[in-house]
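The next block holds one structure in the form of structure tokens; read it before the comments.
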Amino acid sequence: MARLFIPGPTDVDQKILKAMQQPMIGHRSDAFADLFARTQPRLRETFQTKNRVFVTTSSGTGLFEGAMRNMVSKRILIGVCGAFGQRWVDVANSNEISAESVDSKWGEPNLPELIISKLKSKRYDTLALVHNETSTGIENPIAKIIAESRAIQPDIIIMVDAVSSAGGVDIRTDDWGIDILITSSHKCMALPPGLAFAAVSDRAMERAHSIKHRGHYFDFLLLNKHLQRNMTPATPAISFFYALDAQLKLMQEEGLSNRFNRHTQMAAYVQNWAKDRFDLFALEGYRSKTVTTIRNTKGISISDLNKSLSENGKQISNGYGDLKNETFRIAHMGEMDLEDIKSLLDHIDTYISHTNSS
Ligand SMILES: Cc1ncc(COP(=O)(O)O)c(C=O)c1O
């Protein structure tokens with residue numbers, strides 16, 4: 001039964017935690033190379049790509065920085081509609097990379113027409129997007145944005161933050177033409193925090209070759225060189241690779257389309273529940289399949305609600321940043337199912353009826 005209804009870290013299956021207790025092996029050993037090699041085909045399947053998948057010992061933000069440093073030649077355009085789009089901008093600024101953004105109001109998506117008009121106005125060699133904006137509960141229409149962007153600029157590199165959706169939502173990396181798809185271990189992949197993944201296209205590798213200062217820890221050429229031998233440049237979090245191996249097997253047993261459907265069903269259930277009692281923050285037609293942001297129209301205390309939930313071992317998230325208390329978030333990602341969601345929502349209903357009558 002799920003406890004953490006927060007948008008990461010998610011609950012981790014006991015079998016996975018147990019897998020992490022396996023004895024340590026050397027990271028230059030055949031045993032590690034075998035372990036690494038086993039994960040590659042399954043990672044490619046999960047991210048719907050034939051591309052290489054880098055696995056780094058970091059959270060997703062590390063690979064934001066890696067992608068930014070390895071890809072941007074002169075100027076990047078960034079779609080921003082919440083805190084994580086803004087994080088792309090912050091990463092560019094702190095690396096002195098020339099960046100411009102297309103900003104949408106929080107609760108609304110980045111629409112293709114605004115991105116396209118920017119791309120028509122100036123040459124950008126890279127475009128960064130957020131697939132699932134966790135701060136607002138928006139899913140951006142990235143397939144459309146990518147198709148239209150490529151029609152204008154065929155060689156543009158497109159990097160997608162799929163930190164809170166990959167592994168739970170149908171993202172067609174190759175069909176849509178995503179050059180770099182980034183995610184973290186602790187969201188829909190339902191692993192402990194500690195690893196990050198980037199599916200990287202040949203076109204992106206070509207770009208990396210043309211960039212002089214790519215940094216070191218996330219140098220894509222170095223990562224790729226080691227990947228050929230099923231290794232990593234520096235010491236990886238080996239216990240997390242055990243967990244990854246075990247979790248990818250569980251995910252395969254469930255089946256990718258079942259996994260995607262489970263997330264879609266949970267999202268629909270939470271959205272309907274919230275519409276009946278509160279209001280939804282994200283614009284209709286663009287609502288996330290992994291996290292629902294709810295307007296707190298009843299003015300309930302989210303911290304008191306969480307205190308009550310915690311008596312049952314459960315937890316939800318307050319709104320992000322300035323949206324705190326004005327909104328709250330229920331995540332439906334990872335290994336939880338509809339029964340877990342129903343049990344959470346029953347608890348919240350009971351809490352609301354008690355606070356209303358007291
Ligand atoms: C959409 C999105 N992007 C990026 C991040 C940052 O990922 P990490 O915390 O793994 O660095 C998060 C974390 O919540 C996220 O939700």
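So you can find residues: chains in the structure tokens are A, B, ... in the order shown, residues in each start at 1, and ligands are numbered from 1 in order.
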All residues 12 Å or closer to Thr232 in chain A, only C-alpha atoms, same chain fewer than 5 positions away omitted, as a PyMOL selection string: chain A and resi 26-29+32-33+36-37+53-57+217-227+237-238+241
Ligand 1 neighbours within 10 Å using only C-alpha atoms and all ligand atoms, as a PyMOL selection string: chain A and resi 6-9+58-64+82-88+129-139+160-165+182-187+193-197+291
Name all residues at most 12 Å from Ile145 in chain A (count only C-alpha atoms; drop same-chain ones fewer than 6 positions away) and give them as an mmCIF file with all heavy atoms, in the first residue's frame.
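And here is the file that came out, selection_20.cif:
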data_model
loop_
_atom_site.group_PDB
_atom_site.id
_atom_site.type_symbol
_atom_site.label_atom_id
_atom_site.label_comp_id
_atom_site.auth_asym_id
_atom_site.auth_seq_id
_atom_site.Cartn_x
_atom_site.Cartn_y
_atom_site.Cartn_z
ATOM 1 N N ILE A 78 14.252 28.124 -24.326
ATOM 2 C CA ILE A 78 13.703 27.261 -23.272
ATOM 3 C C ILE A 78 12.217 27.547 -23.071
ATOM 4 O O ILE A 78 11.812 28.708 -22.924
ATOM 5 C CB ILE A 78 14.466 27.496 -21.937
ATOM 6 C CG1 ILE A 78 15.963 27.200 -22.133
ATOM 7 C CG2 ILE A 78 13.882 26.644 -20.817
ATOM 8 C CD1 ILE A 78 16.853 27.587 -20.965
ATOM 9 N N GLY A 79 11.422 26.501 -23.069
ATOM 10 C CA GLY A 79 9.991 26.642 -22.773
ATOM 11 C C GLY A 79 9.799 26.597 -21.268
ATOM 12 O O GLY A 79 10.167 25.614 -20.628
ATOM 13 N N PRO A 109 0.078 25.551 -20.463
ATOM 14 C CA PRO A 109 1.216 24.877 -21.109
ATOM 15 C C PRO A 109 2.034 25.823 -21.975
ATOM 16 O O PRO A 109 1.615 26.950 -22.234
ATOM 17 C CB PRO A 109 0.523 23.849 -22.010
ATOM 18 C CG PRO A 109 -0.773 24.518 -22.367
ATOM 19 C CD PRO A 109 -1.183 25.352 -21.188
ATOM 20 N N ASN A 110 3.185 25.342 -22.422
ATOM 21 C CA ASN A 110 3.918 26.035 -23.491
ATOM 22 C C ASN A 110 3.251 25.632 -24.798
ATOM 23 O O ASN A 110 3.215 24.454 -25.137
ATOM 24 C CB ASN A 110 5.387 25.595 -23.514
ATOM 25 C CG ASN A 110 6.160 26.177 -22.347
ATOM 26 O OD1 ASN A 110 6.773 25.449 -21.578
ATOM 27 N ND2 ASN A 110 6.127 27.478 -22.190
ATOM 28 N N LEU A 111 2.730 26.594 -25.500
ATOM 29 C CA LEU A 111 2.019 26.265 -26.738
ATOM 30 C C LEU A 111 2.952 26.352 -27.943
ATOM 31 O O LEU A 111 3.839 27.222 -27.995
ATOM 32 C CB LEU A 111 0.828 27.201 -26.921
ATOM 33 C CG LEU A 111 -0.307 26.957 -25.919
ATOM 34 C CD1 LEU A 111 -1.403 27.995 -26.053
ATOM 35 C CD2 LEU A 111 -0.885 25.535 -26.066
ATOM 36 N N PRO A 112 2.773 25.450 -28.920
ATOM 37 C CA PRO A 112 3.672 25.408 -30.068
ATOM 38 C C PRO A 112 3.804 26.765 -30.763
ATOM 39 O O PRO A 112 4.916 27.181 -31.102
ATOM 40 C CB PRO A 112 3.011 24.383 -31.004
ATOM 41 C CG PRO A 112 2.145 23.557 -30.127
ATOM 42 C CD PRO A 112 1.756 24.390 -28.961
ATOM 43 N N GLU A 113 2.686 27.493 -30.930
ATOM 44 C CA GLU A 113 2.765 28.727 -31.731
ATOM 45 C C GLU A 113 3.739 29.757 -31.149
ATOM 46 O O GLU A 113 4.442 30.445 -31.892
ATOM 47 C CB GLU A 113 1.372 29.344 -31.989
ATOM 48 C CG GLU A 113 0.417 29.390 -30.820
ATOM 49 C CD GLU A 113 -0.416 28.117 -30.634
ATOM 50 O OE1 GLU A 113 0.065 27.011 -30.954
ATOM 51 O OE2 GLU A 113 -1.550 28.233 -30.117
ATOM 52 N N LEU A 114 3.802 29.842 -29.804
ATOM 53 C CA LEU A 114 4.714 30.822 -29.189
ATOM 54 C C LEU A 114 6.171 30.417 -29.397
ATOM 55 O O LEU A 114 7.043 31.255 -29.674
ATOM 56 C CB LEU A 114 4.428 30.955 -27.684
ATOM 57 C CG LEU A 114 3.059 31.526 -27.332
ATOM 58 C CD1 LEU A 114 2.885 31.614 -25.823
ATOM 59 C CD2 LEU A 114 2.882 32.919 -27.953
ATOM 60 N N ILE A 115 6.427 29.119 -29.273
ATOM 61 C CA ILE A 115 7.800 28.617 -29.473
ATOM 62 C C ILE A 115 8.186 28.826 -30.943
ATOM 63 O O ILE A 115 9.296 29.287 -31.250
ATOM 64 C CB ILE A 115 7.870 27.118 -29.096
ATOM 65 C CG1 ILE A 115 7.370 26.925 -27.670
ATOM 66 C CG2 ILE A 115 9.264 26.542 -29.380
ATOM 67 C CD1 ILE A 115 8.250 26.323 -26.670
ATOM 68 N N ILE A 116 7.274 28.522 -31.831
ATOM 69 C CA ILE A 116 7.572 28.622 -33.261
ATOM 70 C C ILE A 116 7.858 30.069 -33.645
ATOM 71 O O ILE A 116 8.790 30.356 -34.395
ATOM 72 C CB ILE A 116 6.394 28.049 -34.107
ATOM 73 C CG1 ILE A 116 6.232 26.557 -33.809
ATOM 74 C CG2 ILE A 116 6.592 28.295 -35.596
ATOM 75 C CD1 ILE A 116 7.488 25.730 -33.878
ATOM 76 N N SER A 117 7.070 30.992 -33.113
ATOM 77 C CA SER A 117 7.312 32.388 -33.523
ATOM 78 C C SER A 117 8.690 32.849 -33.027
ATOM 79 O O SER A 117 9.379 33.601 -33.707
ATOM 80 C CB SER A 117 6.167 33.313 -33.100
ATOM 81 O OG SER A 117 6.389 33.809 -31.832
ATOM 82 N N LEU A 119 11.309 30.807 -32.689
ATOM 83 C CA LEU A 119 12.293 30.130 -33.543
ATOM 84 C C LEU A 119 12.401 30.798 -34.918
ATOM 85 O O LEU A 119 13.448 30.754 -35.553
ATOM 86 C CB LEU A 119 11.919 28.653 -33.731
ATOM 87 C CG LEU A 119 12.120 27.722 -32.533
ATOM 88 C CD1 LEU A 119 11.680 26.302 -32.869
ATOM 89 C CD2 LEU A 119 13.576 27.703 -32.080
ATOM 90 N N LEU A 127 16.845 23.558 -28.176
ATOM 91 C CA LEU A 127 15.555 23.876 -27.557
ATOM 92 C C LEU A 127 15.379 22.949 -26.354
ATOM 93 O O LEU A 127 15.568 21.733 -26.473
ATOM 94 C CB LEU A 127 14.426 23.631 -28.579
ATOM 95 C CG LEU A 127 12.982 23.700 -28.074
ATOM 96 C CD1 LEU A 127 12.622 25.123 -27.608
ATOM 97 C CD2 LEU A 127 12.007 23.273 -29.182
ATOM 98 N N ALA A 128 15.061 23.521 -25.208
ATOM 99 C CA ALA A 128 14.809 22.692 -24.014
ATOM 100 C C ALA A 128 13.343 22.817 -23.622
ATOM 101 O O ALA A 128 12.792 23.931 -23.586
ATOM 102 C CB ALA A 128 15.701 23.120 -22.859
ATOM 103 N N LEU A 129 12.742 21.681 -23.321
ATOM 104 C CA LEU A 129 11.324 21.648 -22.940
ATOM 105 C C LEU A 129 11.157 20.823 -21.669
ATOM 106 O O LEU A 129 12.014 19.984 -21.354
ATOM 107 C CB LEU A 129 10.503 20.974 -24.053
ATOM 108 C CG LEU A 129 10.573 21.603 -25.444
ATOM 109 C CD1 LEU A 129 9.965 20.663 -26.482
ATOM 110 C CD2 LEU A 129 9.859 22.952 -25.466
ATOM 111 N N VAL A 130 10.038 21.058 -21.005
ATOM 112 C CA VAL A 130 9.677 20.197 -19.873
ATOM 113 C C VAL A 130 8.460 19.395 -20.316
ATOM 114 O O VAL A 130 7.477 19.989 -20.773
ATOM 115 C CB VAL A 130 9.328 21.035 -18.623
ATOM 116 C CG1 VAL A 130 8.873 20.128 -17.483
ATOM 117 C CG2 VAL A 130 10.528 21.875 -18.194
ATOM 118 N N HIS A 131 8.526 18.089 -20.223
ATOM 119 C CA HIS A 131 7.349 17.307 -20.621
ATOM 120 C C HIS A 131 6.259 17.436 -19.562
ATOM 121 O O HIS A 131 5.133 17.797 -19.873
ATOM 122 C CB HIS A 131 7.724 15.822 -20.822
ATOM 123 C CG HIS A 131 6.535 14.969 -21.117
ATOM 124 N ND1 HIS A 131 6.098 13.975 -20.286
ATOM 125 C CD2 HIS A 131 5.663 14.984 -22.157
ATOM 126 C CE1 HIS A 131 5.016 13.407 -20.815
ATOM 127 N NE2 HIS A 131 4.732 14.004 -21.946
ATOM 128 N N ALA A 151 10.419 21.333 -38.356
ATOM 129 C CA ALA A 151 10.035 21.756 -39.712
ATOM 130 C C ALA A 151 10.724 23.085 -40.040
ATOM 131 O O ALA A 151 11.084 23.343 -41.182
ATOM 132 C CB ALA A 151 8.525 21.879 -39.807
ATOM 133 N N ILE A 152 10.938 23.904 -39.027
ATOM 134 C CA ILE A 152 11.585 25.204 -39.250
ATOM 135 C C ILE A 152 13.101 25.054 -39.219
ATOM 136 O O ILE A 152 13.814 25.637 -40.021
ATOM 137 C CB ILE A 152 11.178 26.177 -38.130
ATOM 138 C CG1 ILE A 152 9.701 26.457 -38.236
ATOM 139 C CG2 ILE A 152 11.980 27.468 -38.188
ATOM 140 C CD1 ILE A 152 9.201 27.300 -37.132
ATOM 141 N N GLN A 153 13.587 24.287 -38.256
ATOM 142 C CA GLN A 153 15.031 24.156 -38.062
ATOM 143 C C GLN A 153 15.404 22.685 -37.891
ATOM 144 O O GLN A 153 15.466 22.186 -36.765
ATOM 145 C CB GLN A 153 15.410 24.929 -36.814
ATOM 146 C CG GLN A 153 16.652 25.772 -37.020
ATOM 147 C CD GLN A 153 16.893 26.616 -35.812
ATOM 148 O OE1 GLN A 153 16.224 27.623 -35.621
ATOM 149 N NE2 GLN A 153 17.816 26.199 -34.989
ATOM 150 N N ILE A 158 16.958 18.947 -29.530
ATOM 151 C CA ILE A 158 15.816 19.094 -28.622
ATOM 152 C C ILE A 158 16.025 18.236 -27.378
ATOM 153 O O ILE A 158 16.194 17.016 -27.458
ATOM 154 C CB ILE A 158 14.503 18.750 -29.347
ATOM 155 C CG1 ILE A 158 14.309 19.797 -30.461
ATOM 156 C CG2 ILE A 158 13.327 18.754 -28.364
ATOM 157 C CD1 ILE A 158 13.157 19.597 -31.371
ATOM 158 N N MET A 159 16.051 18.930 -26.218
ATOM 159 C CA MET A 159 16.282 18.242 -24.939
ATOM 160 C C MET A 159 14.988 18.329 -24.118
ATOM 161 O O MET A 159 14.388 19.401 -24.025
ATOM 162 C CB MET A 159 17.384 18.927 -24.139
ATOM 163 C CG MET A 159 18.390 19.727 -24.939
ATOM 164 S SD MET A 159 19.913 19.988 -24.070
ATOM 165 C CE MET A 159 19.553 21.417 -23.057
ATOM 166 N N VAL A 160 14.606 17.203 -23.562
ATOM 167 C CA VAL A 160 13.334 17.159 -22.838
ATOM 168 C C VAL A 160 13.545 16.684 -21.402
ATOM 169 O O VAL A 160 14.130 15.622 -21.168
ATOM 170 C CB VAL A 160 12.326 16.233 -23.572
ATOM 171 C CG1 VAL A 160 11.066 16.037 -22.743
ATOM 172 C CG2 VAL A 160 11.966 16.796 -24.943
ATOM 173 N N TRP A 176 9.096 10.849 -31.848
ATOM 174 C CA TRP A 176 8.872 12.301 -31.749
ATOM 175 C C TRP A 176 10.123 13.103 -32.086
ATOM 176 O O TRP A 176 10.035 14.307 -32.299
ATOM 177 C CB TRP A 176 8.407 12.681 -30.331
ATOM 178 C CG TRP A 176 7.058 12.105 -29.952
ATOM 179 C CD1 TRP A 176 6.181 11.445 -30.769
ATOM 180 C CD2 TRP A 176 6.440 12.129 -28.657
ATOM 181 N NE1 TRP A 176 5.067 11.054 -30.065
ATOM 182 C CE2 TRP A 176 5.191 11.464 -28.768
ATOM 183 C CE3 TRP A 176 6.813 12.646 -27.420
ATOM 184 C CZ2 TRP A 176 4.320 11.315 -27.687
ATOM 185 C CZ3 TRP A 176 5.946 12.487 -26.339
ATOM 186 C CH2 TRP A 176 4.712 11.829 -26.481
ATOM 187 N N GLY A 177 11.282 12.423 -32.070
ATOM 188 C CA GLY A 177 12.522 13.120 -32.432
ATOM 189 C C GLY A 177 13.187 13.849 -31.269
ATOM 190 O O GLY A 177 13.777 14.914 -31.439
ATOM 191 N N ILE A 178 13.112 13.236 -30.084
ATOM 192 C CA ILE A 178 13.777 13.842 -28.918
ATOM 193 C C ILE A 178 15.265 13.457 -28.955
ATOM 194 O O ILE A 178 15.597 12.279 -29.035
ATOM 195 C CB ILE A 178 13.142 13.323 -27.603
ATOM 196 C CG1 ILE A 178 11.656 13.692 -27.554
ATOM 197 C CG2 ILE A 178 13.883 13.861 -26.384
ATOM 198 C CD1 ILE A 178 10.881 13.036 -26.412
#
Within 12 Å of Ile300 in chain A using only C-alpha atoms, minus same-chain residues under 6 positions, as a ChimeraX atom specification: /A:277-278,294,306,318,324-328,348-349,351-356
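Looking only at range 265-327 of chain A, the set that DSSP places in strand (DSSP E) from backbone geometry is Asp279, Leu280, Val291, Thr292, Thr293, Ile294, Arg295, Gln315, Ile316, Ser317, Asn318 and Thr327 of chain A.
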What would the file look like if the residues just selected were written as a PDB file, in the first residue's frame with N, CA and C atoms?
ATOM      1  N   ASP A 279     -11.126  22.321  -7.296  1.00  0.00           N
ATOM      2  CA  ASP A 279     -11.004  22.806  -8.662  1.00  0.00           C
ATOM      3  C   ASP A 279      -9.593  22.423  -9.106  1.00  0.00           C
ATOM      4  N   LEU A 280      -9.394  22.314 -10.395  1.00  0.00           N
ATOM      5  CA  LEU A 280      -8.053  21.927 -10.846  1.00  0.00           C
ATOM      6  C   LEU A 280      -7.262  23.153 -11.276  1.00  0.00           C
ATOM      7  N   VAL A 291       0.864  13.764 -11.679  1.00  0.00           N
ATOM      8  CA  VAL A 291       0.654  14.607 -10.488  1.00  0.00           C
ATOM      9  C   VAL A 291      -0.490  15.591 -10.771  1.00  0.00           C
ATOM     10  N   THR A 292      -1.416  15.665  -9.809  1.00  0.00           N
ATOM     11  CA  THR A 292      -2.554  16.567  -9.976  1.00  0.00           C
ATOM     12  C   THR A 292      -2.427  17.720  -8.983  1.00  0.00           C
ATOM     13  N   THR A 293      -2.488  18.936  -9.529  1.00  0.00           N
ATOM     14  CA  THR A 293      -2.436  20.132  -8.674  1.00  0.00           C
ATOM     15  C   THR A 293      -3.863  20.637  -8.478  1.00  0.00           C
ATOM     16  N   ILE A 294      -4.244  20.742  -7.217  1.00  0.00           N
ATOM     17  CA  ILE A 294      -5.640  21.047  -6.865  1.00  0.00           C
ATOM     18  C   ILE A 294      -5.706  22.418  -6.197  1.00  0.00           C
ATOM     19  N   ARG A 295      -6.637  23.243  -6.695  1.00  0.00           N
ATOM     20  CA  ARG A 295      -6.844  24.544  -6.034  1.00  0.00           C
ATOM     21  C   ARG A 295      -7.529  24.287  -4.694  1.00  0.00           C
ATOM     22  N   GLN A 315       1.200  10.587   2.942  1.00  0.00           N
ATOM     23  CA  GLN A 315       1.662  11.980   2.790  1.00  0.00           C
ATOM     24  C   GLN A 315       1.325  12.493   1.398  1.00  0.00           C
ATOM     25  N   ILE A 316       0.850  13.758   1.333  1.00  0.00           N
ATOM     26  CA  ILE A 316       0.675  14.419   0.034  1.00  0.00           C
ATOM     27  C   ILE A 316       1.593  15.645   0.009  1.00  0.00           C
ATOM     28  N   SER A 317       1.573  16.400  -1.092  1.00  0.00           N
ATOM     29  CA  SER A 317       2.463  17.570  -1.202  1.00  0.00           C
ATOM     30  C   SER A 317       1.676  18.863  -1.154  1.00  0.00           C
ATOM     31  N   ASN A 318       2.262  19.829  -0.511  1.00  0.00           N
ATOM     32  CA  ASN A 318       1.683  21.171  -0.574  1.00  0.00           C
ATOM     33  C   ASN A 318       1.941  21.728  -1.975  1.00  0.00           C
ATOM     34  N   THR A 327      -2.690  25.898  -3.408  1.00  0.00           N
ATOM     35  CA  THR A 327      -2.903  24.616  -4.087  1.00  0.00           C
ATOM     36  C   THR A 327      -2.243  23.507  -3.258  1.00  0.00           C
TER      37      THR A 327
END
Hey, which bits of range 305-342 of chain A sit within 8 Å of range 254-263 of chain A, and for each residue what's the closest pair of atoms and how far apart in Å (one decimal), counting only C-alpha atoms, rows by chain and increasing number, as JSON lines?
{"residue": "A:His332", "atom": "CA", "partner": "A:His263", "partner_atom": "CA", "distance": 6.7}
{"residue": "A:Met333", "atom": "CA", "partner": "A:His263", "partner_atom": "CA", "distance": 6.5}
{"residue": "A:Asp337", "atom": "CA", "partner": "A:Arg262", "partner_atom": "CA", "distance": 6.9}
{"residue": "A:Leu338", "atom": "CA", "partner": "A:Arg262", "partner_atom": "CA", "distance": 7.7}
Since we have the selection now, will you write its residues out, keeping N, CA and C atoms, as a PDB file, in the first residue's frame?
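Final output, again30.pdb:
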ATOM      1  N   HIS A 332       0.495  10.572  -8.424  1.00  0.00           N
ATOM      2  CA  HIS A 332       0.037   9.203  -8.734  1.00  0.00           C
ATOM      3  C   HIS A 332       1.037   8.626  -9.719  1.00  0.00           C
ATOM      4  N   MET A 333       2.202   8.304  -9.174  1.00  0.00           N
ATOM      5  CA  MET A 333       3.295   7.812 -10.024  1.00  0.00           C
ATOM      6  C   MET A 333       4.038   6.676  -9.331  1.00  0.00           C
ATOM      7  N   ASP A 337      -1.309   1.988  -7.096  1.00  0.00           N
ATOM      8  CA  ASP A 337      -2.415   1.657  -7.998  1.00  0.00           C
ATOM      9  C   ASP A 337      -3.689   2.359  -7.558  1.00  0.00           C
ATOM     10  N   LEU A 338      -4.770   2.074  -8.283  1.00  0.00           N
ATOM     11  CA  LEU A 338      -6.036   2.762  -8.038  1.00  0.00           C
ATOM     12  C   LEU A 338      -6.553   2.526  -6.612  1.00  0.00           C
TER      13      LEU A 338
END
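Coordinates place CA of Glu100 in chain A at a distance of 17.6 Å from CA of Asn70 in chain A.
Residue nearest Asp245 in chain A, chosen from A:Ala2, A:Leu35, A:Gly313, A:Ser94 and counting only C-alpha atoms: A:Leu35.
Compared by their closest atoms to Ser343 in chain A, and using only C-alpha atoms, the residues A:Met24, A:Asp103, A:Leu323, A:Asn312 rank with A:Asn312 nearest.
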Atomic distance CA of Arg229 in chain A - CA of Gly168 in chain A, expressed in Å with one decimal: 29.0 Å
All alpha helix (DSSP H) residues (DSSP, backbone) inside range 16-232 of chain A, as a ChimeraX atom specification: /A:16-19,30-46,60-71,83-94,112-121,142-152,173-176,202-210,220-227
